[in-house]
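Engineer: One file: work-v6.csv (CSV, C-alpha atoms).
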```
chain,number,residue,atom,x,y,z
A,1,MET,CA,73.4,165.6,67.5
A,2,THR,CA,75.5,165.8,64.4
A,3,PRO,CA,75.7,168.8,62.2
A,4,ALA,CA,74.2,168.7,58.7
A,5,ARG,CA,76.8,168.0,56.0
A,6,LEU,CA,76.7,169.4,52.5
A,7,SER,CA,76.5,166.7,49.9
A,8,ARG,CA,77.5,167.3,46.3
A,9,PRO,CA,73.9,167.0,44.9
A,10,ASP,CA,72.6,169.6,47.4
A,11,LEU,CA,75.3,172.1,46.7
A,12,PRO,CA,73.6,173.8,43.7
A,13,LEU,CA,70.4,174.2,45.7
A,14,TYR,CA,72.3,175.9,48.6
A,15,LEU,CA,74.2,178.2,46.2
A,16,ALA,CA,71.0,179.2,44.4
A,17,GLY,CA,69.3,179.9,47.7
A,18,GLY,CA,72.2,182.1,48.9
A,19,ALA,CA,72.3,183.9,45.5
A,20,LEU,CA,68.6,184.6,45.7
A,21,THR,CA,68.9,185.9,49.2
A,22,VAL,CA,71.6,188.3,48.2
A,23,ALA,CA,69.7,189.4,45.1
A,24,THR,CA,66.6,190.0,47.1
A,25,SER,CA,68.4,192.2,49.6
A,26,PHE,CA,69.8,194.2,46.7
A,27,VAL,CA,66.4,194.6,45.1
A,28,ALA,CA,64.9,195.7,48.4
A,29,THR,CA,67.1,198.8,48.4
A,30,GLU,CA,65.9,200.0,45.0
A,31,SER,CA,63.1,202.4,44.5
A,32,ASN,CA,60.6,199.8,43.2
A,33,GLY,CA,61.9,197.2,45.7
A,34,PRO,CA,58.7,196.7,47.6
A,35,LEU,CA,56.9,195.7,44.4
A,36,VAL,CA,59.6,193.2,43.5
A,37,LEU,CA,59.5,191.8,47.1
A,38,VAL,CA,55.7,191.3,46.9
A,39,ALA,CA,56.2,189.5,43.6
A,40,LEU,CA,58.9,187.3,45.2
A,41,ALA,CA,56.6,186.6,48.2
A,42,GLY,CA,53.8,185.7,45.8
A,43,LEU,CA,56.2,183.3,43.9
A,44,ALA,CA,57.3,181.7,47.2
A,45,PHE,CA,53.6,181.3,48.3
A,46,PHE,CA,52.8,179.7,44.9
A,47,LEU,CA,55.7,177.3,45.2
A,48,ALA,CA,54.9,176.4,48.8
A,49,THR,CA,51.2,175.8,47.9
A,50,ALA,CA,52.1,173.7,44.9
A,51,THR,CA,54.5,171.7,47.0
A,52,CYS,CA,51.9,171.2,49.7
A,53,PHE,CA,49.3,170.0,47.1
A,54,ALA,CA,51.9,167.5,45.7
A,55,VAL,CA,53.2,166.2,49.0
A,56,ALA,CA,50.3,166.4,51.4
A,57,PRO,CA,47.1,167.1,49.4
A,58,HIS,CA,44.9,166.3,52.4
A,59,VAL,CA,46.5,169.2,54.3
A,60,ALA,CA,46.4,171.5,51.4
A,61,ILE,CA,42.7,171.0,50.8
A,62,ALA,CA,42.0,171.4,54.5
A,63,LEU,CA,43.7,174.8,54.4
A,64,THR,CA,42.2,175.8,51.1
A,65,ILE,CA,38.6,175.4,52.1
A,66,PRO,CA,38.7,178.0,54.9
A,67,LEU,CA,40.9,180.3,52.8
A,68,PHE,CA,38.3,180.3,50.0
A,69,ALA,CA,35.5,180.8,52.5
A,70,ILE,CA,37.2,183.8,54.2
A,71,LEU,CA,38.6,185.4,51.0
A,72,PRO,CA,35.5,187.5,50.1
A,73,THR,CA,35.5,188.9,53.6
A,74,LEU,CA,39.2,189.8,53.4
A,75,LYS,CA,38.7,191.3,50.0
A,76,ALA,CA,35.8,193.5,51.3
A,77,LEU,CA,37.2,194.5,54.6
A,78,GLY,CA,40.9,194.4,53.8
A,79,SER,CA,42.5,194.8,50.4
A,80,PRO,CA,40.6,194.3,47.1
A,81,SER,CA,43.9,193.2,45.5
A,82,ILE,CA,43.8,189.9,47.4
A,83,GLY,CA,41.2,188.6,45.0
A,84,PRO,CA,43.5,186.8,42.7
A,85,LEU,CA,44.8,184.7,45.6
A,86,LYS,CA,42.1,182.1,44.8
A,87,ASP,CA,43.3,181.8,41.2
A,88,LEU,CA,46.9,181.4,42.5
A,89,VAL,CA,45.9,178.6,44.8
A,90,THR,CA,43.9,176.9,42.0
A,91,LEU,CA,46.9,177.2,39.6
A,92,ALA,CA,49.2,175.7,42.2
A,93,ALA,CA,46.8,172.8,42.6
A,94,GLY,CA,46.9,172.3,38.8
A,95,VAL,CA,50.7,172.4,38.7
A,96,ALA,CA,50.8,169.9,41.5
A,97,THR,CA,48.4,167.6,39.6
A,98,ALA,CA,50.6,167.8,36.5
A,99,VAL,CA,53.7,167.0,38.5
A,100,ILE,CA,52.0,164.0,40.1
A,101,ALA,CA,50.8,162.8,36.7
A,102,ALA,CA,54.2,163.2,35.2
A,103,GLN,CA,55.8,161.2,38.0
A,104,ALA,CA,53.2,158.4,37.7
A,105,LEU,CA,53.7,158.3,34.0
A,106,GLU,CA,57.5,158.0,34.5
A,107,ARG,CA,57.0,155.2,37.0
A,108,ARG,CA,54.3,153.7,34.8
A,109,THR,CA,51.8,153.5,37.6
A,110,GLU,CA,48.1,154.5,37.7
A,111,TRP,CA,47.8,157.9,39.5
A,112,ILE,CA,44.1,158.5,39.5
A,113,ASP,CA,41.0,156.3,39.8
A,114,PRO,CA,39.3,156.3,36.4
A,115,ARG,CA,35.9,156.8,38.0
A,116,VAL,CA,37.1,159.9,39.8
A,117,ALA,CA,38.6,161.2,36.5
A,118,LEU,CA,35.3,160.6,34.7
A,119,ALA,CA,33.3,162.4,37.4
A,120,VAL,CA,35.6,165.4,37.3
A,121,VAL,CA,35.5,165.6,33.5
A,122,ALA,CA,31.7,165.2,33.6
A,123,LEU,CA,31.3,168.0,36.1
A,124,LEU,CA,33.6,170.3,34.1
A,125,GLY,CA,31.6,169.4,31.0
A,126,LEU,CA,28.3,170.3,32.7
A,127,TYR,CA,29.8,173.7,33.7
A,128,VAL,CA,31.2,174.4,30.3
A,129,VAL,CA,28.0,173.5,28.4
A,130,ASN,CA,25.8,175.3,31.0
A,131,LEU,CA,22.6,173.5,30.0
A,132,GLY,CA,20.6,175.3,32.7
A,133,GLY,CA,21.8,178.7,31.4
A,134,LEU,CA,21.1,177.8,27.8
A,135,LEU,CA,17.5,176.9,28.7
A,136,GLY,CA,17.0,179.9,30.9
A,137,GLY,CA,18.6,182.4,28.5
A,138,THR,CA,21.4,183.4,30.9
A,139,ALA,CA,24.2,181.3,29.4
A,140,PHE,CA,27.9,182.4,29.5
A,141,GLU,CA,27.6,185.4,31.8
A,142,ALA,CA,30.0,186.3,34.6
A,143,GLY,CA,28.6,183.7,37.0
A,144,TRP,CA,29.2,181.0,34.4
A,145,PHE,CA,32.8,182.2,33.9
A,146,HIS,CA,33.5,182.1,37.7
A,147,GLY,CA,32.0,178.6,38.0
A,148,VAL,CA,34.1,177.2,35.2
A,149,ARG,CA,37.2,178.9,36.6
A,150,LEU,CA,36.7,177.4,40.0
A,151,VAL,CA,35.8,173.9,38.9
```
Transcribe the structure of this file into structure tokens.
Structural biologist:
Amino acid sequence: MTPARLSRPDLPLYLAGGALTVATSFVATESNGPLVLVALAGLAFFLATATCFAVAPHVAIALTIPLFAILPTLKALGSPSIGPLKDLVTLAAGVATAVIAAQALERRTEWIDPRVALAVVALLGLYVVNLGGLLGGTAFEAGWFHGVRLV
């Protein structure tokens, strides 16, 4: 087994990782250190989730479905502050989609089936218009907002 060797293109990444490790240890000793560490952990979770959606979307979706299913229970029995986790995962999926689209645009390749794109746009349009809510007199309430947000 040969040891890993540092290459010139990887050196800035290793230096940034080392600097962030040192900075995190200094921040942890401050009075508001735990809050900053939670923010850094949230950022790390966001980046890991976005990377998983970009590299292995089938794995990310397989993990997201049970997470979304158990999140209300964790929120009720555990900590109510865990609620925005669903929005963080959704935002990470959006960022991964934008990265994949940008890479496909750069390579000049088709990155999504046009029929799938049309179906997603139609579903989002149905949620935004909320025809059932308009006819029933309950349009644009909290349930509508959460439905549009999750689509």
Engineer: Could you work out how far atom CA of Glu110 of chain A lies from atom CA of Ala93 of chain A, giving the answer in Å with one decimal?
Structural biologist: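 Value for the atom CA of Ala93 of chain A-atom CA of Glu110 of chain A distance: 19.0 Å.
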Engineer: Between atom CA of Ala122 of chain A and atom CA of Gly137 of chain A, measure the distance and give it in Å to one decimal.
Structural biologist: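 Going from atom CA of Ala122 of chain A over to atom CA of Gly137 of chain A covers 22.2 Å.
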Engineer: Applying 9 Å and all atoms listed in the file, which residues near segment 52-57 of chain A remain after dropping the ones on its own chain fewer than 6 positions away? List them as a compact mmCIF listing (two decimals) with C-alpha atoms, keeping the file's coordinate frame.
Structural biologist:
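So the final result, stored in part_13.txt, reads:
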```txt
# COMPACT_ATOMS: atom_id res chain seq x y z
CA ALA A 92 49.20 175.70 42.20
CA ALA A 93 46.80 172.80 42.60
CA GLY A 94 46.90 172.30 38.80
CA VAL A 95 50.70 172.40 38.70
CA ALA A 96 50.80 169.90 41.50
CA THR A 97 48.40 167.60 39.60
CA VAL A 99 53.70 167.00 38.50
CA ILE A 100 52.00 164.00 40.10
```
Engineer: Distance atom CA of Phe145 of chain A-atom CA of Val129 of chain A, one decimal place?
Structural biologist: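 One can read the atom CA of Phe145 of chain A to atom CA of Val129 of chain A distance as 11.4 Å.
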Engineer: I want to know what sits within 12 Å of segment 7-21 of chain A, based on all atoms listed in the file, with residues of the same chain fewer than 4 positions away left out; could you give that as a PDB file with C-alpha atoms, in the frame of the given file?
Structural biologist:
```
ATOM      1  CA  SER A  25      68.400 192.200  49.600  1.00  0.00           C
ATOM      2  CA  PHE A  26      69.800 194.200  46.700  1.00  0.00           C
ATOM      3  CA  VAL A  27      66.400 194.600  45.100  1.00  0.00           C
ATOM      4  CA  ALA A  28      64.900 195.700  48.400  1.00  0.00           C
ATOM      5  CA  LEU A  37      59.500 191.800  47.100  1.00  0.00           C
ATOM      6  CA  LEU A  40      58.900 187.300  45.200  1.00  0.00           C
ATOM      7  CA  ALA A  44      57.300 181.700  47.200  1.00  0.00           C
TER       8      ALA A  44
END
```
Engineer: Here is a test: counting only C-alpha atoms, which residue of A:Ala98, A:Leu85, A:Val128, A:Ala39 is nearest to Ile112 of chain A?
Structural biologist: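 Going through A:Ala98, A:Leu85, A:Val128, A:Ala39 one by one, the smallest distance to Ile112 of chain A is for A:Ala98.
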Engineer: May I ask which of the residues A:Pro84, A:Pro66, A:Pro34, A:Gly143 is the closest one to Phe46 of chain A, counting all atoms listed in the file?
Structural biologist: A:Pro84
Engineer: Mind rebuilding segment 45-67 of chain A with N, CA, C and O atoms and writing that out as a short mmCIF file (atom, residue, chain, number, x, y, z; two decimals), in the coordinates of the input?
Structural biologist:
```
data_model
loop_
_atom_site.label_atom_id
_atom_site.label_comp_id
_atom_site.auth_asym_id
_atom_site.auth_seq_id
_atom_site.Cartn_x
_atom_site.Cartn_y
_atom_site.Cartn_z
N PHE A 45 54.90 181.88 47.87
CA PHE A 45 53.60 181.30 48.30
C PHE A 45 53.11 180.29 47.27
O PHE A 45 52.62 179.23 47.64
N PHE A 46 53.25 180.62 45.98
CA PHE A 46 52.80 179.70 44.90
C PHE A 46 53.59 178.38 45.02
O PHE A 46 53.00 177.30 44.95
N LEU A 47 54.92 178.46 45.15
CA LEU A 47 55.70 177.30 45.20
C LEU A 47 55.41 176.44 46.48
O LEU A 47 55.33 175.20 46.42
N ALA A 48 55.21 177.11 47.60
CA ALA A 48 54.90 176.40 48.80
C ALA A 48 53.49 175.73 48.71
O ALA A 48 53.31 174.59 49.14
N THR A 49 52.55 176.41 48.09
CA THR A 49 51.20 175.80 47.90
C THR A 49 51.25 174.64 46.96
O THR A 49 50.64 173.61 47.23
N ALA A 50 51.97 174.77 45.85
CA ALA A 50 52.10 173.70 44.90
C ALA A 50 52.77 172.47 45.56
O ALA A 50 52.35 171.32 45.36
N THR A 51 53.80 172.73 46.34
CA THR A 51 54.50 171.70 47.00
C THR A 51 53.57 170.98 48.05
O THR A 51 53.55 169.75 48.15
N CYS A 52 52.79 171.76 48.76
CA CYS A 52 51.90 171.20 49.70
C CYS A 52 50.80 170.34 49.03
O CYS A 52 50.46 169.25 49.51
N PHE A 53 50.30 170.80 47.88
CA PHE A 53 49.30 170.00 47.10
C PHE A 53 49.95 168.70 46.62
O PHE A 53 49.27 167.67 46.54
N ALA A 54 51.22 168.74 46.25
CA ALA A 54 51.90 167.50 45.70
C ALA A 54 52.26 166.56 46.81
O ALA A 54 52.14 165.34 46.64
N VAL A 55 52.72 167.07 47.96
CA VAL A 55 53.20 166.20 49.00
C VAL A 55 52.16 165.79 50.00
O VAL A 55 52.10 164.63 50.41
N ALA A 56 51.31 166.72 50.40
CA ALA A 56 50.30 166.40 51.40
C ALA A 56 48.95 167.06 50.94
O ALA A 56 48.52 168.08 51.49
N PRO A 57 48.30 166.47 49.93
CA PRO A 57 47.10 167.10 49.40
C PRO A 57 45.95 167.19 50.45
O PRO A 57 45.15 168.12 50.40
N HIS A 58 45.90 166.26 51.39
CA HIS A 58 44.90 166.30 52.40
C HIS A 58 45.03 167.57 53.30
O HIS A 58 44.04 168.18 53.70
N VAL A 59 46.25 167.97 53.56
CA VAL A 59 46.50 169.20 54.30
C VAL A 59 46.20 170.42 53.50
O VAL A 59 45.59 171.38 53.98
N ALA A 60 46.62 170.39 52.24
CA ALA A 60 46.40 171.50 51.40
C ALA A 60 44.90 171.83 51.18
O ALA A 60 44.48 172.98 51.24
N ILE A 61 44.12 170.79 50.99
CA ILE A 61 42.70 171.00 50.80
C ILE A 61 42.04 171.46 52.11
O ILE A 61 41.17 172.34 52.10
N ALA A 62 42.51 170.91 53.24
CA ALA A 62 42.00 171.40 54.50
C ALA A 62 42.28 172.82 54.80
O ALA A 62 41.52 173.50 55.49
N LEU A 63 43.37 173.35 54.26
CA LEU A 63 43.70 174.80 54.40
C LEU A 63 43.02 175.62 53.34
O LEU A 63 42.72 176.79 53.57
N THR A 64 42.78 175.04 52.17
CA THR A 64 42.20 175.80 51.10
C THR A 64 40.73 176.11 51.29
O THR A 64 40.28 177.21 50.96
N ILE A 65 39.99 175.20 51.87
CA ILE A 65 38.60 175.40 52.10
C ILE A 65 38.28 176.63 52.94
O ILE A 65 37.52 177.52 52.55
N PRO A 66 38.92 176.75 54.13
CA PRO A 66 38.70 178.00 54.90
C PRO A 66 39.21 179.23 54.23
O PRO A 66 38.62 180.31 54.36
N LEU A 67 40.32 179.10 53.50
CA LEU A 67 40.90 180.30 52.80
C LEU A 67 39.86 180.77 51.76
O LEU A 67 39.59 181.97 51.68
#
```
